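Student: Supplied in structure tokens, the structure appears directly below.
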Amino acid sequence: MMRKALFIALALCFALFQARAQVDLEKEFFSLPDTVTNEYLDSLTVQVARPNDYWMVGGYGGASVQMGYFNPDRDAKMQLAWPVYGVSFIRHFTMFGVFPNMGLEFGAQMNYEGYEYSTNPETGYRPVEPKSGAYKLVMQVPEAFILSHFHVDMGEHFKLLAKLGIYGGYRLNISRTLDPAYENNELYTKNQYSFMEHERRLTYGVQGGIGVGLMFSPFEVHLNAQVKWGWESFWEPDYMSQYYYRFAYPLDGAITLGVYYQLTPRYGHTRAQLKKLAKKMIEEQKKSE
């Protein structure tokens, strides 16, 4: 499943980059006729220029909440872990020369996965994990991601954001909170800060979210809320019994605030495009002389 998802994502990324519109310098620059009349001026229609295809790079930080969904069913409450931090590149482009709201975002971040079992208010019973005696665990997870990036500009300084894509990571370390009944048991405390044989380290899945952005070129400030749905269980499903399938998949969220720098201008032409145009104008002037 992971190979198939990665292949589809890479194919889509390649197609989108190939399809983005190319800037036509001759059409972009406005020129007046030899004779300017009132009738000509009245016939002009002034349109607001749409944003260019442009690159951004930035960093962000925030906090993460972890849950999970289980078989057999377990009541789990949200737990908070922080800091979440990362860096990403964003490439805006006009898809098929028609849709100027598209983009791609790719980068890396330090995040968390885990869960915490809840206490039943009626019975007072709180489940614990077999072989560890833990009712809560947190894992630090470095991740890489690639997301489709959709944006709608609402005026000059504000925009709405939406993202969807895939991520992959590695569960780097683990910290368990043991039930008081197991805190002094050497059999369980030895596994408090280490992974056991039945626990999986790789993680991957779907990531998406929404956000808002403030734009004051060449800087942008983005506030995002993201959700991750993991496709890799925390442990081997049959580690207790080959006849009974038990699993726990990550389900996490994060709130982040980031600052981005526009590597190429949001409006107008890049320095390379202007140099190309100037060179062409000089060449044409020499030919006419």
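Chain identifiers are assigned as A, B, and so on, following the order in which chains appear in the structure tokens; residues are numbered from 1 within each chain, and ligands are numbered from 1 in order of appearance.
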From a DSSP pass on the backbone, collect the residues of region 88-244 of chain A flagged as strand (DSSP E) and hand them back as a compact mmCIF listing (two decimals) with N, CA and C atoms, in the first residue's frame.
Tutor:
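Result file out29.txt:
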```txt
# COMPACT_ATOMS: atom_id res chain seq x y z
N SER A 88 9.63 23.76 5.38
CA SER A 88 9.02 23.29 4.14
C SER A 88 9.25 24.30 3.02
N PHE A 89 9.19 23.77 1.80
CA PHE A 89 9.22 24.57 0.58
C PHE A 89 7.83 24.50 -0.05
N ILE A 90 7.36 25.63 -0.57
CA ILE A 90 6.06 25.70 -1.23
C ILE A 90 6.26 26.25 -2.63
N ARG A 91 5.72 25.57 -3.61
CA ARG A 91 5.79 25.99 -5.00
C ARG A 91 4.38 26.27 -5.51
N HIS A 92 4.06 27.52 -5.76
CA HIS A 92 2.78 27.89 -6.35
C HIS A 92 2.89 27.81 -7.87
N PHE A 93 1.82 27.36 -8.52
CA PHE A 93 1.83 27.34 -9.98
C PHE A 93 0.40 27.40 -10.50
N THR A 94 0.29 27.71 -11.78
CA THR A 94 -1.00 27.78 -12.47
C THR A 94 -1.19 26.50 -13.26
N MET A 95 -2.08 25.65 -12.80
CA MET A 95 -2.26 24.35 -13.44
C MET A 95 -3.03 24.50 -14.75
N PHE A 99 -5.82 27.43 -13.68
CA PHE A 99 -6.10 27.45 -12.25
C PHE A 99 -4.88 27.97 -11.49
N PRO A 100 -4.91 29.25 -11.05
CA PRO A 100 -3.74 29.84 -10.39
C PRO A 100 -3.66 29.54 -8.90
N ASN A 101 -4.52 28.66 -8.40
CA ASN A 101 -4.62 28.43 -6.96
C ASN A 101 -3.88 27.18 -6.49
N MET A 102 -3.13 26.53 -7.36
CA MET A 102 -2.53 25.25 -7.02
C MET A 102 -1.10 25.41 -6.51
N GLY A 103 -0.62 24.37 -5.88
CA GLY A 103 0.75 24.38 -5.39
C GLY A 103 1.13 23.03 -4.82
N LEU A 104 2.41 22.90 -4.50
CA LEU A 104 2.96 21.72 -3.84
C LEU A 104 3.77 22.17 -2.64
N GLU A 105 3.69 21.41 -1.56
CA GLU A 105 4.50 21.69 -0.37
C GLU A 105 5.22 20.41 0.03
N PHE A 106 6.51 20.52 0.27
CA PHE A 106 7.26 19.36 0.73
C PHE A 106 8.29 19.81 1.76
N GLY A 107 8.55 18.95 2.73
CA GLY A 107 9.47 19.32 3.79
C GLY A 107 9.64 18.22 4.80
N ALA A 108 10.10 18.60 5.98
CA ALA A 108 10.36 17.65 7.06
C ALA A 108 9.99 18.30 8.38
N GLN A 109 9.58 17.48 9.36
CA GLN A 109 9.20 18.01 10.65
C GLN A 109 9.49 16.99 11.75
N MET A 110 9.60 17.50 12.97
CA MET A 110 9.71 16.65 14.16
C MET A 110 8.35 16.64 14.83
N ASN A 111 7.76 15.46 14.93
CA ASN A 111 6.40 15.34 15.44
C ASN A 111 6.34 14.25 16.51
N TYR A 112 5.12 13.90 16.93
CA TYR A 112 4.92 12.90 17.98
C TYR A 112 3.78 11.97 17.62
N GLU A 113 3.85 10.75 18.13
CA GLU A 113 2.75 9.80 18.07
C GLU A 113 2.58 9.18 19.45
N GLY A 114 1.40 8.63 19.71
CA GLY A 114 1.16 7.98 20.99
C GLY A 114 -0.30 7.95 21.35
N TYR A 115 -0.58 7.60 22.59
CA TYR A 115 -1.96 7.52 23.06
C TYR A 115 -1.96 7.44 24.58
N GLU A 116 -3.13 7.66 25.16
CA GLU A 116 -3.32 7.54 26.60
C GLU A 116 -4.70 6.95 26.87
N ALA A 134 1.91 -0.09 30.80
CA ALA A 134 1.78 1.36 30.57
C ALA A 134 0.36 1.70 30.15
N TYR A 135 -0.15 2.81 30.62
CA TYR A 135 -1.43 3.32 30.17
C TYR A 135 -1.25 4.55 29.26
N LYS A 136 -0.01 5.00 29.12
CA LYS A 136 0.27 6.17 28.28
C LYS A 136 1.65 6.01 27.68
N LEU A 137 1.77 6.38 26.39
CA LEU A 137 3.09 6.39 25.76
C LEU A 137 3.17 7.52 24.74
N VAL A 138 4.38 8.06 24.59
CA VAL A 138 4.66 9.13 23.63
C VAL A 138 5.93 8.75 22.87
N MET A 139 5.89 8.91 21.55
CA MET A 139 7.04 8.62 20.70
C MET A 139 7.40 9.87 19.88
N GLN A 140 8.67 10.18 19.82
CA GLN A 140 9.15 11.27 18.98
C GLN A 140 9.39 10.73 17.59
N VAL A 141 8.86 11.45 16.56
CA VAL A 141 8.87 10.91 15.20
C VAL A 141 9.32 11.97 14.20
N PRO A 142 10.54 11.88 13.65
CA PRO A 142 10.89 12.73 12.51
C PRO A 142 10.18 12.25 11.25
N GLU A 143 9.63 13.20 10.49
CA GLU A 143 8.80 12.84 9.33
C GLU A 143 9.19 13.68 8.11
N ALA A 144 8.93 13.12 6.94
CA ALA A 144 9.00 13.85 5.68
C ALA A 144 7.62 13.78 5.02
N PHE A 145 7.26 14.83 4.28
CA PHE A 145 5.91 14.86 3.70
C PHE A 145 5.93 15.57 2.35
N ILE A 146 4.90 15.27 1.55
CA ILE A 146 4.64 15.99 0.32
C ILE A 146 3.13 16.17 0.22
N LEU A 147 2.69 17.43 0.01
CA LEU A 147 1.27 17.77 0.07
C LEU A 147 0.88 18.61 -1.14
N SER A 148 -0.32 18.37 -1.65
CA SER A 148 -0.90 19.33 -2.58
C SER A 148 -1.32 20.55 -1.77
N HIS A 149 -1.12 21.72 -2.32
CA HIS A 149 -1.29 22.97 -1.57
C HIS A 149 -2.24 23.87 -2.35
N PHE A 150 -3.44 24.05 -1.84
CA PHE A 150 -4.46 24.87 -2.50
C PHE A 150 -4.63 26.17 -1.72
N HIS A 151 -4.67 27.30 -2.43
CA HIS A 151 -4.80 28.59 -1.76
C HIS A 151 -5.78 29.48 -2.52
N VAL A 152 -6.53 30.27 -1.77
CA VAL A 152 -7.46 31.26 -2.33
C VAL A 152 -7.10 32.61 -1.73
N ASP A 153 -6.63 33.54 -2.56
CA ASP A 153 -6.25 34.86 -2.08
C ASP A 153 -7.51 35.72 -1.88
N PHE A 158 -4.41 38.60 2.54
CA PHE A 158 -5.00 37.49 3.28
C PHE A 158 -5.34 36.35 2.32
N LYS A 159 -5.16 35.10 2.76
CA LYS A 159 -5.52 33.96 1.93
C LYS A 159 -5.92 32.77 2.79
N LEU A 160 -6.71 31.88 2.18
CA LEU A 160 -7.14 30.63 2.80
C LEU A 160 -6.29 29.50 2.23
N LEU A 161 -5.99 28.50 3.06
CA LEU A 161 -5.12 27.40 2.66
C LEU A 161 -5.82 26.07 2.90
N ALA A 162 -5.51 25.09 2.05
CA ALA A 162 -5.95 23.71 2.24
C ALA A 162 -4.86 22.79 1.71
N LYS A 163 -4.60 21.67 2.43
CA LYS A 163 -3.50 20.78 2.06
C LYS A 163 -3.94 19.33 2.19
N LEU A 164 -3.36 18.47 1.34
CA LEU A 164 -3.63 17.04 1.44
C LEU A 164 -2.49 16.29 0.77
N GLY A 165 -1.99 15.24 1.44
CA GLY A 165 -0.91 14.47 0.86
C GLY A 165 -0.53 13.30 1.75
N ILE A 166 0.72 12.88 1.65
CA ILE A 166 1.19 11.71 2.39
C ILE A 166 2.44 12.07 3.18
N TYR A 167 2.72 11.25 4.20
CA TYR A 167 3.91 11.44 5.02
C TYR A 167 4.52 10.09 5.36
N GLY A 168 5.76 10.12 5.74
CA GLY A 168 6.45 8.92 6.23
C GLY A 168 7.42 9.33 7.31
N GLY A 169 7.65 8.45 8.29
CA GLY A 169 8.55 8.79 9.38
C GLY A 169 9.10 7.56 10.08
N TYR A 170 9.87 7.82 11.13
CA TYR A 170 10.51 6.76 11.90
C TYR A 170 10.34 7.06 13.38
N ASN A 173 12.14 7.45 19.46
CA ASN A 173 12.26 7.03 20.86
C ASN A 173 10.88 6.93 21.48
N ILE A 174 10.83 6.35 22.67
CA ILE A 174 9.55 6.09 23.31
C ILE A 174 9.65 6.35 24.80
N SER A 175 8.57 6.86 25.37
CA SER A 175 8.49 7.10 26.81
C SER A 175 7.13 6.61 27.29
N ARG A 176 7.13 5.69 28.25
CA ARG A 176 5.89 5.12 28.78
C ARG A 176 5.64 5.64 30.19
N THR A 177 4.35 5.86 30.47
CA THR A 177 3.93 6.16 31.84
C THR A 177 3.26 4.91 32.39
N LEU A 178 3.86 4.31 33.42
CA LEU A 178 3.39 3.04 33.94
C LEU A 178 2.26 3.23 34.95
N LEU A 202 8.64 2.07 11.81
CA LEU A 202 8.26 2.89 10.65
C LEU A 202 6.81 3.33 10.77
N THR A 203 6.52 4.52 10.24
CA THR A 203 5.16 5.04 10.24
C THR A 203 4.92 5.80 8.94
N TYR A 204 3.70 5.74 8.42
CA TYR A 204 3.33 6.46 7.20
C TYR A 204 1.82 6.56 7.14
N GLY A 205 1.33 7.46 6.30
CA GLY A 205 -0.11 7.62 6.17
C GLY A 205 -0.49 8.88 5.43
N VAL A 206 -1.71 9.36 5.69
CA VAL A 206 -2.26 10.54 5.02
C VAL A 206 -2.21 11.73 5.96
N GLN A 207 -1.90 12.88 5.41
CA GLN A 207 -1.85 14.11 6.18
C GLN A 207 -2.58 15.21 5.43
N GLY A 208 -3.37 16.01 6.14
CA GLY A 208 -4.09 17.11 5.51
C GLY A 208 -4.44 18.17 6.53
N GLY A 209 -4.94 19.30 6.03
CA GLY A 209 -5.30 20.36 6.96
C GLY A 209 -5.78 21.60 6.26
N ILE A 210 -6.14 22.59 7.07
CA ILE A 210 -6.58 23.88 6.58
C ILE A 210 -5.83 24.97 7.34
N GLY A 211 -5.86 26.19 6.80
CA GLY A 211 -5.16 27.28 7.47
C GLY A 211 -5.48 28.62 6.85
N VAL A 212 -4.85 29.64 7.39
CA VAL A 212 -4.96 31.00 6.88
C VAL A 212 -3.56 31.58 6.76
N GLY A 213 -3.42 32.55 5.87
CA GLY A 213 -2.13 33.18 5.67
C GLY A 213 -2.25 34.69 5.58
N LEU A 214 -1.26 35.38 6.15
CA LEU A 214 -1.13 36.82 6.01
C LEU A 214 0.08 37.09 5.13
N MET A 215 -0.08 37.96 4.13
CA MET A 215 0.97 38.19 3.14
C MET A 215 1.41 39.65 3.16
N PHE A 216 2.68 39.83 3.47
CA PHE A 216 3.32 41.15 3.42
C PHE A 216 4.65 40.94 2.71
N PHE A 219 7.37 38.45 2.87
CA PHE A 219 7.13 37.50 3.96
C PHE A 219 5.65 37.11 4.01
N GLU A 220 5.41 35.90 4.49
CA GLU A 220 4.06 35.41 4.74
C GLU A 220 4.03 34.70 6.09
N VAL A 221 2.93 34.84 6.81
CA VAL A 221 2.72 34.17 8.09
C VAL A 221 1.55 33.21 7.92
N HIS A 222 1.77 31.91 8.21
CA HIS A 222 0.75 30.89 8.03
C HIS A 222 0.37 30.27 9.37
N LEU A 223 -0.92 30.17 9.62
CA LEU A 223 -1.45 29.44 10.77
C LEU A 223 -2.20 28.23 10.23
N ASN A 224 -1.77 27.02 10.64
CA ASN A 224 -2.31 25.79 10.08
C ASN A 224 -2.81 24.85 11.17
N ALA A 225 -3.86 24.10 10.84
CA ALA A 225 -4.34 22.99 11.65
C ALA A 225 -4.29 21.74 10.78
N GLN A 226 -3.54 20.72 11.21
CA GLN A 226 -3.37 19.54 10.39
C GLN A 226 -3.81 18.29 11.14
N VAL A 227 -4.21 17.26 10.37
CA VAL A 227 -4.60 15.97 10.92
C VAL A 227 -3.82 14.88 10.20
N LYS A 228 -3.33 13.90 10.96
CA LYS A 228 -2.62 12.76 10.40
C LYS A 228 -3.37 11.47 10.72
N TRP A 229 -3.54 10.65 9.70
CA TRP A 229 -4.15 9.33 9.86
C TRP A 229 -3.10 8.30 9.47
N GLY A 230 -2.59 7.56 10.46
CA GLY A 230 -1.52 6.61 10.21
C GLY A 230 -2.02 5.30 9.64
```
Student: Do you have the CA of Asn191 (chain A)-CA of Gly62 (chain A) distance handy?
Tutor: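 CA of Gly62 (chain A) lies at a distance of 29.1 Å from CA of Asn191 (chain A).
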Student: Which neighbours of Ser233 (chain A) fall inside 9 Å, counting only C-alpha atoms, when residues of the same chain fewer than 2 positions from it are skipped, and could you give them as a list in words?
Tutor: Glu199, Arg200, Thr203, Gly230, Trp231, Trp235, Glu236, Pro237, Phe247, Ala248, Tyr249 and Pro250 of chain A
Student: Would you put the residues from that selection into a file with all heavy atoms, as an mmCIF file, in the first residue's frame?
Tutor:
```cif
data_model
loop_
_atom_site.group_PDB
_atom_site.id
_atom_site.type_symbol
_atom_site.label_atom_id
_atom_site.label_comp_id
_atom_site.auth_asym_id
_atom_site.auth_seq_id
_atom_site.Cartn_x
_atom_site.Cartn_y
_atom_site.Cartn_z
ATOM 1 N N GLU A 199 6.961 -4.093 18.641
ATOM 2 C CA GLU A 199 6.563 -2.729 18.291
ATOM 3 C C GLU A 199 7.248 -2.282 16.996
ATOM 4 O O GLU A 199 8.440 -2.491 16.804
ATOM 5 C CB GLU A 199 6.903 -1.777 19.439
ATOM 6 C CG GLU A 199 6.036 -2.038 20.652
ATOM 7 C CD GLU A 199 6.395 -1.177 21.841
ATOM 8 O OE1 GLU A 199 7.603 -1.001 22.124
ATOM 9 O OE2 GLU A 199 5.469 -0.673 22.506
ATOM 10 N N ARG A 200 6.477 -1.641 16.143
ATOM 11 C CA ARG A 200 6.968 -1.215 14.833
ATOM 12 C C ARG A 200 7.534 0.193 14.911
ATOM 13 O O ARG A 200 6.996 1.049 15.610
ATOM 14 C CB ARG A 200 5.839 -1.288 13.803
ATOM 15 C CG ARG A 200 5.403 -2.716 13.496
ATOM 16 C CD ARG A 200 4.209 -2.756 12.574
ATOM 17 N NE ARG A 200 3.956 -4.099 12.079
ATOM 18 C CZ ARG A 200 2.892 -4.463 11.367
ATOM 19 N NH1 ARG A 200 1.973 -3.554 11.074
ATOM 20 N NH2 ARG A 200 2.740 -5.697 10.952
ATOM 21 N N THR A 203 6.517 4.520 10.242
ATOM 22 C CA THR A 203 5.161 5.038 10.236
ATOM 23 C C THR A 203 4.919 5.797 8.938
ATOM 24 O O THR A 203 5.829 6.428 8.390
ATOM 25 C CB THR A 203 4.913 5.950 11.458
ATOM 26 O OG1 THR A 203 3.578 6.466 11.389
ATOM 27 C CG2 THR A 203 5.884 7.123 11.491
ATOM 28 N N GLY A 230 -2.588 7.562 10.457
ATOM 29 C CA GLY A 230 -1.519 6.614 10.212
ATOM 30 C C GLY A 230 -2.022 5.300 9.645
ATOM 31 O O GLY A 230 -3.097 4.808 10.009
ATOM 32 N N TRP A 231 -1.206 4.715 8.760
ATOM 33 C CA TRP A 231 -1.528 3.428 8.140
ATOM 34 C C TRP A 231 -0.662 2.293 8.676
ATOM 35 O O TRP A 231 -0.727 1.185 8.159
ATOM 36 C CB TRP A 231 -1.354 3.528 6.619
ATOM 37 C CG TRP A 231 -2.357 4.397 5.943
ATOM 38 C CD1 TRP A 231 -3.511 4.892 6.471
ATOM 39 C CD2 TRP A 231 -2.294 4.893 4.602
ATOM 40 N NE1 TRP A 231 -4.181 5.658 5.555
ATOM 41 C CE2 TRP A 231 -3.460 5.673 4.390
ATOM 42 C CE3 TRP A 231 -1.387 4.745 3.556
ATOM 43 C CZ2 TRP A 231 -3.719 6.315 3.180
ATOM 44 C CZ3 TRP A 231 -1.644 5.381 2.354
ATOM 45 C CH2 TRP A 231 -2.798 6.158 2.168
ATOM 46 N N TRP A 235 2.099 -1.773 16.792
ATOM 47 C CA TRP A 235 2.703 -3.072 17.114
ATOM 48 C C TRP A 235 2.257 -4.136 16.110
ATOM 49 O O TRP A 235 1.341 -3.939 15.322
ATOM 50 C CB TRP A 235 2.305 -3.484 18.540
ATOM 51 C CG TRP A 235 0.839 -3.517 18.791
ATOM 52 C CD1 TRP A 235 -0.098 -4.338 18.201
ATOM 53 C CD2 TRP A 235 0.109 -2.665 19.677
ATOM 54 N NE1 TRP A 235 -1.345 -4.065 18.668
ATOM 55 C CE2 TRP A 235 -1.260 -3.064 19.585
ATOM 56 C CE3 TRP A 235 0.454 -1.646 20.561
ATOM 57 C CZ2 TRP A 235 -2.264 -2.442 20.323
ATOM 58 C CZ3 TRP A 235 -0.556 -1.048 21.292
ATOM 59 C CH2 TRP A 235 -1.885 -1.438 21.183
ATOM 60 N N GLU A 236 2.920 -5.291 16.152
ATOM 61 C CA GLU A 236 2.527 -6.425 15.324
ATOM 62 C C GLU A 236 1.146 -6.907 15.763
ATOM 63 O O GLU A 236 0.919 -7.165 16.951
ATOM 64 C CB GLU A 236 3.542 -7.561 15.471
ATOM 65 C CG GLU A 236 4.950 -7.220 15.015
ATOM 66 C CD GLU A 236 5.044 -7.076 13.512
ATOM 67 O OE1 GLU A 236 4.152 -7.584 12.810
ATOM 68 O OE2 GLU A 236 6.011 -6.461 13.036
ATOM 69 N N PRO A 237 0.198 -7.059 14.838
ATOM 70 C CA PRO A 237 -1.174 -7.406 15.228
ATOM 71 C C PRO A 237 -1.307 -8.753 15.946
ATOM 72 O O PRO A 237 -2.234 -8.941 16.726
ATOM 73 C CB PRO A 237 -1.925 -7.426 13.893
ATOM 74 C CG PRO A 237 -1.119 -6.560 12.990
ATOM 75 C CD PRO A 237 0.309 -6.757 13.404
ATOM 76 N N PHE A 247 -4.822 -4.267 17.055
ATOM 77 C CA PHE A 247 -3.991 -3.228 16.456
ATOM 78 C C PHE A 247 -4.277 -1.890 17.107
ATOM 79 O O PHE A 247 -5.266 -1.712 17.825
ATOM 80 C CB PHE A 247 -4.224 -3.133 14.943
ATOM 81 C CG PHE A 247 -5.650 -2.850 14.550
ATOM 82 C CD1 PHE A 247 -6.189 -1.573 14.661
ATOM 83 C CD2 PHE A 247 -6.453 -3.861 14.069
ATOM 84 C CE1 PHE A 247 -7.493 -1.305 14.300
ATOM 85 C CE2 PHE A 247 -7.783 -3.598 13.698
ATOM 86 C CZ PHE A 247 -8.294 -2.320 13.824
ATOM 87 N N ALA A 248 -3.416 -0.911 16.829
ATOM 88 C CA ALA A 248 -3.608 0.482 17.245
ATOM 89 C C ALA A 248 -2.947 1.370 16.200
ATOM 90 O O ALA A 248 -1.743 1.273 15.967
ATOM 91 C CB ALA A 248 -2.988 0.725 18.616
ATOM 92 N N TYR A 249 -3.740 2.217 15.554
ATOM 93 C CA TYR A 249 -3.242 3.092 14.509
ATOM 94 C C TYR A 249 -3.221 4.547 14.998
ATOM 95 O O TYR A 249 -4.109 4.968 15.742
ATOM 96 C CB TYR A 249 -4.110 2.997 13.254
ATOM 97 C CG TYR A 249 -3.947 1.703 12.512
ATOM 98 C CD1 TYR A 249 -4.828 0.641 12.728
ATOM 99 C CD2 TYR A 249 -2.914 1.535 11.594
ATOM 100 C CE1 TYR A 249 -4.686 -0.552 12.043
ATOM 101 C CE2 TYR A 249 -2.759 0.346 10.906
ATOM 102 C CZ TYR A 249 -3.649 -0.695 11.130
ATOM 103 O OH TYR A 249 -3.494 -1.881 10.455
ATOM 104 N N PRO A 250 -2.223 5.319 14.571
ATOM 105 C CA PRO A 250 -2.148 6.731 15.006
ATOM 106 C C PRO A 250 -3.272 7.568 14.410
ATOM 107 O O PRO A 250 -3.696 7.369 13.279
ATOM 108 C CB PRO A 250 -0.788 7.190 14.454
ATOM 109 C CG PRO A 250 -0.038 5.945 14.126
ATOM 110 C CD PRO A 250 -1.063 4.916 13.768
#
```
Student: To one decimal place in Å, what is the distance between CA of Pro72 (chain A) and CA of Thr123 (chain A)?
Tutor: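 CA of Pro72 (chain A) sits 18.2 Å away from CA of Thr123 (chain A).
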Student: CA of Met56 (chain A) and CA of Gly97 (chain A), how far apart in Å?
Tutor: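 So the two atoms, CA of Gly97 (chain A) and CA of Met56 (chain A), lie 20.3 Å apart.
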Student: For the structure I just gave you, how does DSSP split region 213-289 of chain A - specifically, which residues are helix (DSSP H, G or I)? Reply as a PyMOL selection string.
Tutor: chain A and resi 271-288
Student: Under the rule that only C-alpha atoms are counted, which of A:Leu263, A:Met67, A:Leu257, A:Val128 is the nearest residue to Asn52 (chain A)?
Tutor: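 Looking at the shortest contact to Asn52 (chain A), the residue is A:Leu263.
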Student: Choose the residue, out of A:Asn184, A:Gln79, A:Thr256, A:Gln192, that has the smallest atom-to-atom separation from Glu129 (chain A); count only C-alpha atoms.
Tutor: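 Looking only at the distances to Glu129 (chain A), the closest residue turns out to be A:Gln192.
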Student: So which one's closest to Lys77 (chain A), A:Asp252, A:Glu197, A:Gly58, A:Glu183? Using only C-alpha atoms, please.
Tutor: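 Of A:Asp252, A:Glu197, A:Gly58, A:Glu183, the one nearest Lys77 (chain A), counting only C-alpha atoms, is A:Asp252.
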Student: Skipping near chain neighbours, those fewer than 4 positions away, what residues fall within 9 Å of Leu80 (chain A) using only C-alpha atoms, listed as a list in words?
Tutor: Ala63, Ser64, Val65 and Gln66 of chain A
